[in-house]
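Asker: Questions regarding the structure given below will be posed in turn.
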Protein chains: 2
Amino acid sequence: MAMDNLKQFLVFLFAAAAVGFVSIIFVIRWVLHYKEGLAWDGGLAEFNWHPVLIVTGFIFLQGIAIIVYRLPWTWQCSKLMMKFIHAGLNLLAFIFAVISMVAVFDFHNAAKIPNMYSLHSWLGLIVVILYCLQLVLGVGIYLIPITPVSWRAMVMPLHVYSGLLLFSSTIAVALMGITEKLIFGLNNPKYKDLPPEAVFVNVLGVLLVVFGALILWIATRQSWKRPSDEILHTLHTNGGGEDSTRVGPALSQLTEGTDAEPSGDVRRRSNKLDDQIN
Amino acid sequence: MAMDNLKQFLVFLFAAAAVGFVSIIFVIRWVLHYKEGLAWDGGLAEFNWHPVLIVTGFIFLQGIAIIVYRLPWTWQCSKLMMKFIHAGLNLLAFIFAVISMVAVFDFHNAAKIPNMYSLHSWLGLIVVILYCLQLVLGVGIYLIPITPVSWRAMVMPLHVYSGLLLFSSTIAVALMGITEKLIFGLNNPKYKDLPPEAVFVNVLGVLLVVFGALILWIATRQSWKRPSDEILHTLHTNGGGEDSTRVGPALSQLTEGTDAEPSGDVRRRSNKLDDQIN
C-alpha cells in the first residue's frame, strides 16, 4: 500500500517534470527556430529572453519550489534545510522574472512601444510584486526564528493559498503573453492563418496549463505531504516498525491513497507543532 | 467565536458577490457603451453576447455553484436538495457557455474569420468539454443513487480538484479573450495608446481575477464547510448544546478560524460517511 502511494506520486512527479522540460524545449525552439534568437541588444532578440526566462524560471522553478517538500528522498534532510531550498528556488524564480521584465522594458523603450498598457502587463506586474511580498513575508515568518509559533500557524493557510494562487496566476499571465506575441509577431501568414509557428506555440500554451495542473494536484494531496519531523525521528529510531502505535499515523499517511487527514494522536500533535506551523 | 468565523465568512461572501456583480456591470457597459450593443444578427453585436454570457454565466454562476454548500442558511436544507442546486447552477453555467460559443462561431462564419486558430479558442473548447464531462460524471456519481459509496469517496478529491481547476482555467481563458478583443477591436486609438475603453476593460480583467481569488479562498477554508447531516441532526435534536461531547467537533468546525481539521470521533466518522463521500 505504501508502495502504491509512492508509485502514484512518482508517476505524477515524472509527468510534471517531463511536461516542464518539454515546455522549456518548446520555448527555446520557439525563439531560436521561429524567432530572432537570443541577444541583449535592445531588439527583438532581447525581447525573446522574456518568454524563455518566464517559462524556465518563473513557471518551471516556481513549480518545483512548490512541491520540493513532497519529494520522499528529501525527508531525511532537516526541515530547516528544505525551507532554505524552498526559499532559494523561489528567489531564483523571482530573479528570472525580474530579468525577463527588464528585457521587455529595454525592447519597448528602444522600439518606442509604450510600456504597461496591456492587461498582460498589469496582471504580470501585480503577480511579480505580490510574489516578492510573499517571498519577504515567507522568509520573515518561517526562516527568521524570532516569529512566535502562533503567528506561523495562523499565517500558514494564507501562505499556501497565496503560493498556489500566484503560481496559477503566473501561468494565466503567460497565456495572455503568448496570445499577444502571436498576434503581434505573426504577419503573412497571420495568427488566424494558423502557420506552423502558431500551432507550435499554442501547444506550448497547452503544455503550460498541463504542467500547472500537475503541480497543483501534487501540492494538494494530503497523503503525499512530508511527515512531521517528530514522526520521521520516531521512524528512524524504531527502524520504521509497523506495529508501533506511535508511528501508525505516519504510516497511514504514507499508505492512504485518499485525502483523508490522518487523525491519530501523534499526527494531530506533531501536525500542529510542525507541519502546519513551521 | 462561532460568530467571528461566521462574520469572516460573510465578509468574504459579500466581497465575492460585490466583485462578481461589478464585473457583470462592467462587461455589460463594455458592449453597450463602448461597443456595438447586443443583437443576434451575425455581426459584432452578436459577438458581444460572448463576453457577456461568459462573465455572467460561465464565471459568476460557476463561482456561486462552487460555494453554494458553504452558505450557512442552506444547512437546514437536505444535502440532496443542495446537490440539485449545485448541479443546476453548473448546468446553467454550461448552457450560457455553449450559447456564448455559438455567438462567436456565427459571427466568425458571417465575417469569414477562421474558427479555432487561437490558444484562447483551443483552451476555451477544452475547458467547456471537460466541464461537460465533470457535470455528467458528477450527476452520474453523486446524484444517481446506485453508485457504490466507496466510489463516491474515491472520486470526491478528484471532483473538487477538477472543479476548482476548471473554474481557474475559465478565468484564465477569459483573460486571453479580453486580450484578443482589445487588440483586434481597438483602432485609432489602438490598445497600446490606452484609450478609456482599454483601461475600463483591463480593470474588468483585474476584477475577474479578484472574483476568482475570493471564490477559491471561500471554497478551500475547511472551517466554512457545511457540517455533515449527522452532526446537523444532532445539533437540532440537542438544541445546539455546547456541553454535548457529540457535537463538539461540529461546533469546533464552526468556531475555529484556522484550517485545522477537527478530528474528534463524530467528525471523523460522519466526515467519512457524509461530507467527503456524498
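Each chain in the C-alpha cells gets a letter, A, B, ..., in the order shown, and its residues are numbered from 1; ligands are numbered from 1 in order too.
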Using only C-alpha atoms, select each residue of chain A with any atom at most 9 Å away from an atom of chain B, and give the selection as an MDAnalysis selection string.
Answerer: chainID A and resid 113:120 122:123 153:154 157 161 165 168:169 171:173 175:180 182:183 191:194 198:199 201:203 205:206 209 213 216:217 220:221 257:264 268 272 276
Asker: Pick out the residues sitting within 10 Å of region 100-109 of chain A, and hand them over as a PDB file with N, CA and C atoms, in the first residue's frame; count only C-alpha atoms, and ignore anything fewer than 2 positions along from it in its own chain.
Answerer:
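The new file selection-v6.pdb reads:
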ATOM      1  N   ALA A  39      19.670  37.557 -27.681  1.00  0.00           N
ATOM      2  CA  ALA A  39      20.782  38.501 -27.579  1.00  0.00           C
ATOM      3  C   ALA A  39      20.375  39.560 -26.566  1.00  0.00           C
ATOM      4  N   TRP A  40      21.317  40.453 -26.197  1.00  0.00           N
ATOM      5  CA  TRP A  40      20.951  41.544 -25.278  1.00  0.00           C
ATOM      6  C   TRP A  40      21.291  42.844 -25.992  1.00  0.00           C
ATOM      7  N   ASP A  41      20.488  43.140 -27.038  1.00  0.00           N
ATOM      8  CA  ASP A  41      20.827  44.221 -27.963  1.00  0.00           C
ATOM      9  C   ASP A  41      19.716  45.264 -28.103  1.00  0.00           C
ATOM     10  N   GLY A  42      18.712  45.218 -27.238  1.00  0.00           N
ATOM     11  CA  GLY A  42      17.612  46.168 -27.331  1.00  0.00           C
ATOM     12  C   GLY A  42      16.608  45.831 -28.422  1.00  0.00           C
ATOM     13  N   GLY A  43      16.870  44.786 -29.210  1.00  0.00           N
ATOM     14  CA  GLY A  43      15.975  44.418 -30.307  1.00  0.00           C
ATOM     15  C   GLY A  43      15.075  43.241 -29.930  1.00  0.00           C
ATOM     16  N   LEU A  44      14.498  42.616 -30.967  1.00  0.00           N
ATOM     17  CA  LEU A  44      13.581  41.505 -30.749  1.00  0.00           C
ATOM     18  C   LEU A  44      14.274  40.308 -30.092  1.00  0.00           C
ATOM     19  N   ALA A  45      15.590  40.135 -30.374  1.00  0.00           N
ATOM     20  CA  ALA A  45      16.319  39.031 -29.753  1.00  0.00           C
ATOM     21  C   ALA A  45      16.462  39.240 -28.247  1.00  0.00           C
ATOM     22  N   GLU A  46      16.405  40.512 -27.810  1.00  0.00           N
ATOM     23  CA  GLU A  46      16.406  40.748 -26.354  1.00  0.00           C
ATOM     24  C   GLU A  46      15.027  40.462 -25.776  1.00  0.00           C
ATOM     25  N   PHE A  47      13.990  40.902 -26.505  1.00  0.00           N
ATOM     26  CA  PHE A  47      12.621  40.587 -26.054  1.00  0.00           C
ATOM     27  C   PHE A  47      12.468  39.089 -25.830  1.00  0.00           C
ATOM     28  N   ASN A  48      13.099  38.283 -26.702  1.00  0.00           N
ATOM     29  CA  ASN A  48      12.923  36.832 -26.640  1.00  0.00           C
ATOM     30  C   ASN A  48      13.374  36.219 -25.311  1.00  0.00           C
ATOM     31  N   TRP A  49      14.248  36.934 -24.568  1.00  0.00           N
ATOM     32  CA  TRP A  49      14.589  36.449 -23.226  1.00  0.00           C
ATOM     33  C   TRP A  49      13.361  36.411 -22.324  1.00  0.00           C
ATOM     34  N   HIS A  50      12.368  37.261 -22.635  1.00  0.00           N
ATOM     35  CA  HIS A  50      11.175  37.343 -21.773  1.00  0.00           C
ATOM     36  C   HIS A  50      10.451  35.993 -21.670  1.00  0.00           C
ATOM     37  N   PRO A  51       9.960  35.420 -22.787  1.00  0.00           N
ATOM     38  CA  PRO A  51       9.301  34.113 -22.652  1.00  0.00           C
ATOM     39  C   PRO A  51      10.236  33.010 -22.147  1.00  0.00           C
ATOM     40  N   VAL A  52      11.511  33.035 -22.574  1.00  0.00           N
ATOM     41  CA  VAL A  52      12.430  31.965 -22.152  1.00  0.00           C
ATOM     42  C   VAL A  52      12.621  31.986 -20.629  1.00  0.00           C
ATOM     43  N   LEU A  53      12.867  33.182 -20.070  1.00  0.00           N
ATOM     44  CA  LEU A  53      13.104  33.274 -18.622  1.00  0.00           C
ATOM     45  C   LEU A  53      11.821  33.037 -17.817  1.00  0.00           C
ATOM     46  N   ILE A  54      10.682  33.439 -18.383  1.00  0.00           N
ATOM     47  CA  ILE A  54       9.418  33.202 -17.662  1.00  0.00           C
ATOM     48  C   ILE A  54       9.135  31.703 -17.582  1.00  0.00           C
ATOM     49  N   GLY A  57      12.166  29.952 -15.563  1.00  0.00           N
ATOM     50  CA  GLY A  57      12.314  30.425 -14.197  1.00  0.00           C
ATOM     51  C   GLY A  57      11.002  30.566 -13.469  1.00  0.00           C
ATOM     52  N   PHE A  58      10.169  31.499 -13.964  1.00  0.00           N
ATOM     53  CA  PHE A  58       9.003  31.879 -13.180  1.00  0.00           C
ATOM     54  C   PHE A  58       7.923  30.795 -13.182  1.00  0.00           C
ATOM     55  N   PHE A  94      12.111  34.387  -8.861  1.00  0.00           N
ATOM     56  CA  PHE A  94      11.832  35.834  -8.831  1.00  0.00           C
ATOM     57  C   PHE A  94      12.882  36.608  -9.632  1.00  0.00           C
ATOM     58  N   ILE A  95      14.175  36.230  -9.480  1.00  0.00           N
ATOM     59  CA  ILE A  95      15.251  36.915 -10.222  1.00  0.00           C
ATOM     60  C   ILE A  95      15.057  36.721 -11.728  1.00  0.00           C
ATOM     61  N   PHE A  96      14.726  35.477 -12.141  1.00  0.00           N
ATOM     62  CA  PHE A  96      14.429  35.216 -13.554  1.00  0.00           C
ATOM     63  C   PHE A  96      13.306  36.140 -14.039  1.00  0.00           C
ATOM     64  N   ALA A  97      12.257  36.276 -13.224  1.00  0.00           N
ATOM     65  CA  ALA A  97      11.107  37.098 -13.620  1.00  0.00           C
ATOM     66  C   ALA A  97      11.523  38.563 -13.781  1.00  0.00           C
ATOM     67  N   VAL A  98      12.340  39.057 -12.854  1.00  0.00           N
ATOM     68  CA  VAL A  98      12.757  40.458 -12.918  1.00  0.00           C
ATOM     69  C   VAL A  98      13.607  40.708 -14.171  1.00  0.00           C
ATOM     70  N   ALA A 111      12.289  50.447 -29.113  1.00  0.00           N
ATOM     71  CA  ALA A 111      11.386  50.434 -30.275  1.00  0.00           C
ATOM     72  C   ALA A 111      10.280  51.473 -30.156  1.00  0.00           C
ATOM     73  N   LYS A 112      10.322  52.308 -29.078  1.00  0.00           N
ATOM     74  CA  LYS A 112       9.297  53.336 -28.849  1.00  0.00           C
ATOM     75  C   LYS A 112       7.887  52.741 -28.769  1.00  0.00           C
ATOM     76  N   ILE A 113       7.794  51.559 -28.140  1.00  0.00           N
ATOM     77  CA  ILE A 113       6.479  50.954 -27.861  1.00  0.00           C
ATOM     78  C   ILE A 113       6.138  51.309 -26.414  1.00  0.00           C
ATOM     79  N   PRO A 114       4.889  51.758 -26.145  1.00  0.00           N
ATOM     80  CA  PRO A 114       4.554  52.126 -24.757  1.00  0.00           C
ATOM     81  C   PRO A 114       4.672  50.914 -23.817  1.00  0.00           C
ATOM     82  N   ASN A 115       4.994  51.178 -22.551  1.00  0.00           N
ATOM     83  CA  ASN A 115       5.027  50.138 -21.527  1.00  0.00           C
ATOM     84  C   ASN A 115       3.705  50.095 -20.770  1.00  0.00           C
ATOM     85  N   MET A 116       3.407  48.962 -20.196  1.00  0.00           N
ATOM     86  CA  MET A 116       2.333  48.828 -19.195  1.00  0.00           C
ATOM     87  C   MET A 116       0.953  49.264 -19.674  1.00  0.00           C
ATOM     88  N   SER A 121       0.406  43.066 -19.003  1.00  0.00           N
ATOM     89  CA  SER A 121       1.443  43.786 -18.246  1.00  0.00           C
ATOM     90  C   SER A 121       0.933  44.166 -16.850  1.00  0.00           C
ATOM     91  N   GLY A 124       0.735  40.904 -14.871  1.00  0.00           N
ATOM     92  CA  GLY A 124       2.096  40.400 -14.696  1.00  0.00           C
ATOM     93  C   GLY A 124       2.832  41.167 -13.611  1.00  0.00           C
ATOM     94  N   LEU A 125       2.731  42.495 -13.647  1.00  0.00           N
ATOM     95  CA  LEU A 125       3.418  43.309 -12.632  1.00  0.00           C
ATOM     96  C   LEU A 125       2.831  43.055 -11.245  1.00  0.00           C
ATOM     97  N   VAL A 128       4.200  39.746  -9.969  1.00  0.00           N
ATOM     98  CA  VAL A 128       5.608  39.810  -9.556  1.00  0.00           C
ATOM     99  C   VAL A 128       5.746  40.567  -8.228  1.00  0.00           C
TER     100      VAL A 128
END
Asker: Just the number, please: distance in Å from CA of Ala65 (chain B) to CA of Asn90 (chain B), one decimal.
Answerer: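 Taking CA of Ala65 (chain B) and CA of Asn90 (chain B), their separation equals 6.0 Å.
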Asker: Could you check which of B:Thr147, B:Ser23, B:Gln8, B:Thr74 is closest to Val210 (chain B), using only C-alpha atoms?
Answerer: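 Among the listed residues, B:Ser23 lies closest to Val210 (chain B).
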Asker: Smallest atom-to-atom distance to Ala2 (chain A): which of A:Val127, A:Pro72, A:Leu164, A:Asn188, using only C-alpha atoms?
Answerer: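 That would be A:Pro72, the residue with the smallest distance to Ala2 (chain A).
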Asker: Enumerate as a ChimeraX atom specification all residues of region 31-115 of chain B assigned to alpha helix (DSSP H) by DSSP on the backbone, naming them with the chain letters and numbers the document uses.
Answerer: /B:44-47,49-53,62-67,79-111
Asker: Hey, can you check how far CA of Leu135 (chain B) sits from CA of Ser150 (chain B)?
Answerer: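 CA of Ser150 (chain B) lies at a distance of 19.6 Å from CA of Leu135 (chain B).
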